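Peer 1: Got a structure here, written out as structure tokens. Questions coming.
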Amino acid sequence: MKKIILALLLISAVAQAQQIAPLTVEKIMRDPKWMGTAPTNYRWSADSKTVFFSWNPENKERDQPYMANVTTNKPEVTDDKNIEKAIGVNYTYNKDRSLGLYEKGGDIYFYNFKTKVETRLTNTVERETGARFLFNNEIVYQRGDNVFQLNLATNELKQLTNFVRGKRPAVSERPIISVQDAWLRTEQTELFDIIKKRNRTGGRAGGFGGGGQRGGFNTNAAQQRTIKAVYLDDKALSSIVVSPDGRFVSYRITTPVTTNHNTIVPNYITASGYTEDIPGRTKVGETLTKSETFIYDAQKDSVYAVRTDKIPGIKDLPDYVKDYPKQLEERTKKNEDRNVNLLGPIWNEDGSNAIIVADAADNKDLWILKLDAATGEVSLLDRQRDEAWIGGPGVGGRGLRWIDKNRFCYQSEATGYSHLYVFNIVTGEKKQLTSGKWEVQSVQLSKDKKTFYLTANKEHPGITHFYKMSVEGGELTQLTSMKGGNEVTLSPDEKWLAINYSYMDKPWELYIQANKPGAKAVQITKSTTAEFDSYKWRQPDLVSFKNRYGADVYARVYPATNPHPNRPAVVFVHGAGYLQNVHYWWSQYFREYMFNNLLADNGYTVIDIDYTASSGYGRDHRTGIYRDMGGKDLTDNVDGVKMLVEKYGVNPKHVGLYGGSYGGFLTLMALFKEPEVFAAGGALRSVTDWAHYNHGYTANILNEPYNDPIAYKRSSPIYYADKFKGNLLMAHGMVDVNVNFQDIVRLTQRFIELGKNNWELAVYPVEDHGFVEASSWTDEYKRIFKLFETTLKK
């Protein structure tokens, strides 16, 4: 009997050890391995029978390689050698896939699939890269800065380019710098016939000792092949592309910028005991590098630039300059071409057509252009103009690909949502293949180039599915069926789908499904721990409401289990601005998801809003904060609180909010601009002044500070600090190389000078933008929870 009781006590103790309820900050902010580790890094075997992935179900120090066969559907431990053997070589094929190339150890190998013979083509100290077949089955590759062409039939190796580092050497001939020099040169010419002859021939004359001897003339020189030398000076060479016929070599030359100032991030907790500086980024508005694209014509041994001056609209000014009459007058008078970045050329298979994508440096235009490689001239095929900024899923040149000799596909937001188009370069016909108030998020082309595979949110903004359709257009056929997030890796034979699937309360797992509509997806992995599974994680209410401008805004709501008498509410504000977090799949903000569950357990109603500028909802939503960050994105959160008051019975006097990065920025703006709505806020790693953030993100939305100061002052919390009334916690990593610690220090100084109270700054000496240490996460969220407990429940 005693043994039975002891056994029952042990079972009870184990069960209790695996119970996470009640939730605490300390429990949920531990090393995430306590939850279980989801599978990642999916790869198919060459025969399409096995999926390989990284996984850690036993909670080891690091992930292990696993495999699952499509017939057994059971995960098994494997090793890297088995994976390498099964996946095979990642060949670059010729047009009929009878020949293959691959790189190993910096050298190039060739494989003939008919004879099954492998040949090593290079064995050099320098690394060879970018090996591929030309249309005639000859091979091109890059060694160092230059491109070489190999004829497999004759084994002739030909150098195609002659890029030379450094400056063009000065002419060795003595320069004429005085009247005396000129007199002597004239006298020499008059006295000696040899000088006259050399002047006529442009080189040495005569022959002392014959071919190749010192002082003589090399009789073989006429037969020696020369290639025009392109001197790079101090510029950077990149983007070398060889046309399929080997005639044209395009390349990009970038002029370095030496006048910019980079930020410096001091690192205080170091092994040396001394403060060490971390080199950082530049700030928005610094001078951008300028690049030019050139073409080398091997047939003519000549170099010329790709012409951008005739691109339609190259001189067009953005609308915002109308707010600055003097700037508008000056820029109109100058009538300068805008700077553009060129991507490509992107050649069709036989080299008969090439396309270049031009992206305006001011982010307002994207052009798809046909290139005449023989002249460097371009002509317009498609122009996408956005007075805010060009963007949207798949938009831009990297998604452009040829379907056949004359047609290519691309994505555009022309209708307000990113959709798929096909363009015929011969007829000029542009055909839209998908349409509706939803987005095509990614596209891939089948091997036979007859089918498109698309990931899209056609069913609902918060649900992704995998579809297929003919390249000629027609109906979309849905292949996945599980409601939530479906990230698909297609097998090489295109018969199987490896699906990375998750739901709101279920982290990502691997499923395998036949590539057929209605086929069952079989779950392969089970990753969550018993402790994680012991709690009934919420499936929040996924709702929508109309904002004050009449647009639909989507939100997740976590109703309180037992509302506190004050009926408090908390708004979680996601980061990145453009990110999407209101959806049916597992959130990348998993810590915040668990924290929202904890808040709901403690009497708070929590809302998480995809405010204006969040992705997944089309162009108007995406660009709704142009020149006004902290405008519609903030009022959407205010309108969300209004909805909570009306539908969930929240007390409007007891509302707080928290968020990190862009979410931290909006938290500050909420407390400064809407102090009657928000009583308390936790602002984490916040941008406080957009003029101090990076160029790539900020210039899209606010232009440059010196060109559009109105937008920066309108959008930066530091200019509203005098309006602060509530209770504020600020938290920031001191080695944040994204949103520098300087940002929060500047706002702190403003608070001191303004005599503001009820604010606190928590600093984390070893943390970058994304915290790593569990102790830092725990400390940060204990402070947030304490802030809400002591202010919203009063």
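In the structure tokens, each chain is lettered A, B, ... as it comes, each chain's residues begin at 1, and ligands are numbered from 1 in order of appearance.
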Per residue of range 557-672 of chain A within 8 Å of range 719-727 of chain A, note the shortest atom pair and the distance in Å to one decimal, counting only C-alpha atoms, and order the rows by chain and increasing residue number, as a Markdown table.
Peer 2:
| residue | atom | partner | partner_atom | distance |
| --- | --- | --- | --- | --- |
| A:Met669 | CA | A:Tyr720 | CA | 7.7 |
| A:Leu671 | CA | A:Phe724 | CA | 6.0 |
| A:Phe672 | CA | A:Phe724 | CA | 4.6 |
Peer 1: Do you know which residues are at most 7 Å from Thr561 in chain A counting only C-alpha atoms, after dropping those on the same chain fewer than 6 positions away, and could you put them as a short mmCIF file (atom, residue, chain, number, x, y, z; two decimals) with N, CA, C and O atoms, in the first residue's frame?
Peer 2:
data_model
loop_
_atom_site.label_atom_id
_atom_site.label_comp_id
_atom_site.auth_asym_id
_atom_site.auth_seq_id
_atom_site.Cartn_x
_atom_site.Cartn_y
_atom_site.Cartn_z
N ALA A 600 -4.85 38.54 -19.58
CA ALA A 600 -6.28 38.15 -19.59
C ALA A 600 -6.62 37.33 -18.36
O ALA A 600 -7.74 37.44 -17.82
N ASP A 601 -5.68 36.49 -17.91
CA ASP A 601 -5.90 35.72 -16.68
C ASP A 601 -6.02 36.63 -15.46
O ASP A 601 -6.64 36.25 -14.46
N GLY A 603 -7.42 39.66 -15.34
CA GLY A 603 -8.52 40.60 -15.35
C GLY A 603 -8.48 41.68 -16.41
O GLY A 603 -9.34 42.57 -16.42
#
Peer 1: From range 447-692 of chain A, collect each residue whose DSSP state is strand (DSSP E) and return the set as a ChimeraX atom specification.
Peer 2: /A:451-460,463-470,477-478,485-490,496-503,506-514,522-523,541-546,552-558,569-573,605-609,655-660,680-684
Peer 1: Which residues are close to Glu773 in chain A, i.e. within 10 Å by only C-alpha atoms, leaving aside same-chain residues fewer than 2 positions away? Reply as a list of chain:residue names.
Peer 2: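 Those residues are A:Met29, A:Arg30, A:Asp31, A:Tyr764, A:Val766, A:Glu767, A:Gly770, A:Phe771, A:Ser775, A:Ser776, A:Trp777, A:Thr778.
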Peer 1: Which residue is closest to Ser661 in chain A? Choose from A:Leu121, A:Met504, A:Ala731, A:Leu598 and count only C-alpha atoms.
Peer 2: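 The shortest atom-to-atom distance to Ser661 in chain A comes from A:Ala731.
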Peer 1: So, with only C-alpha atoms as the atoms that count, which of A:Ala414, A:Ala519, A:Ile512, A:Val557 lies closest to Ile390 in chain A?
Peer 2: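 Using only C-alpha atoms, Ile390 in chain A sits closest to A:Ala414.
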Peer 1: What's around range 608-612 of chain A at 9 Å? Count only C-alpha atoms, leave out sequence neighbours fewer than 2 positions away in its own chain, and write the answer as a CSV table (one decimal) with C-alpha atoms, in the first residue's frame.
Peer 2:
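Printed below is around.csv as written:
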chain,number,residue,atom,x,y,z
A,553,VAL,CA,-9.2,47.3,-39.4
A,554,TYR,CA,-8.5,43.8,-38.1
A,555,ALA,CA,-7.7,42.9,-34.5
A,556,ARG,CA,-7.2,40.1,-32.1
A,557,VAL,CA,-9.1,40.4,-28.8
A,558,TYR,CA,-8.2,38.4,-25.6
A,570,VAL,CA,-4.3,46.8,-22.6
A,571,VAL,CA,-3.4,47.4,-26.2
A,572,PHE,CA,-0.4,45.4,-27.6
A,573,VAL,CA,1.2,47.3,-30.5
A,574,HIS,CA,3.2,45.2,-32.9
A,577,GLY,CA,5.0,49.2,-38.8
A,578,TYR,CA,4.5,47.1,-41.9
A,579,LEU,CA,4.3,43.8,-40.1
A,580,GLN,CA,1.1,41.7,-39.8
A,581,ASN,CA,0.2,40.1,-36.5
A,582,VAL,CA,-3.6,39.7,-36.7
A,606,VAL,CA,-6.2,42.8,-24.4
A,614,SER,CA,0.4,46.8,-41.4
A,615,SER,CA,1.0,44.3,-44.3
A,620,ASP,CA,-3.9,52.0,-49.3
A,621,HIS,CA,-3.4,50.4,-45.9
A,622,ARG,CA,0.3,49.9,-46.5
A,623,THR,CA,0.9,53.6,-47.4
A,624,GLY,CA,-1.6,55.2,-45.1
A,625,ILE,CA,1.1,56.7,-42.8
A,631,GLY,CA,-1.3,59.6,-37.6
A,632,LYS,CA,-3.8,56.9,-38.8
A,633,ASP,CA,-1.8,54.1,-37.2
A,634,LEU,CA,-2.4,55.8,-33.8
A,635,THR,CA,-6.0,56.7,-34.4
A,636,ASP,CA,-6.7,53.1,-35.4
A,637,ASN,CA,-5.6,52.0,-31.9
A,640,GLY,CA,-9.9,50.0,-31.3
Peer 1: Using only C-alpha atoms, which residues sit within 7 Å of range 266-275 of chain A once same-chain residues fewer than 3 positions away are excluded, as a list in words?
Peer 2: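 The residues satisfying every condition are Ile278, Val735, Pro765 and Val766 of chain A.
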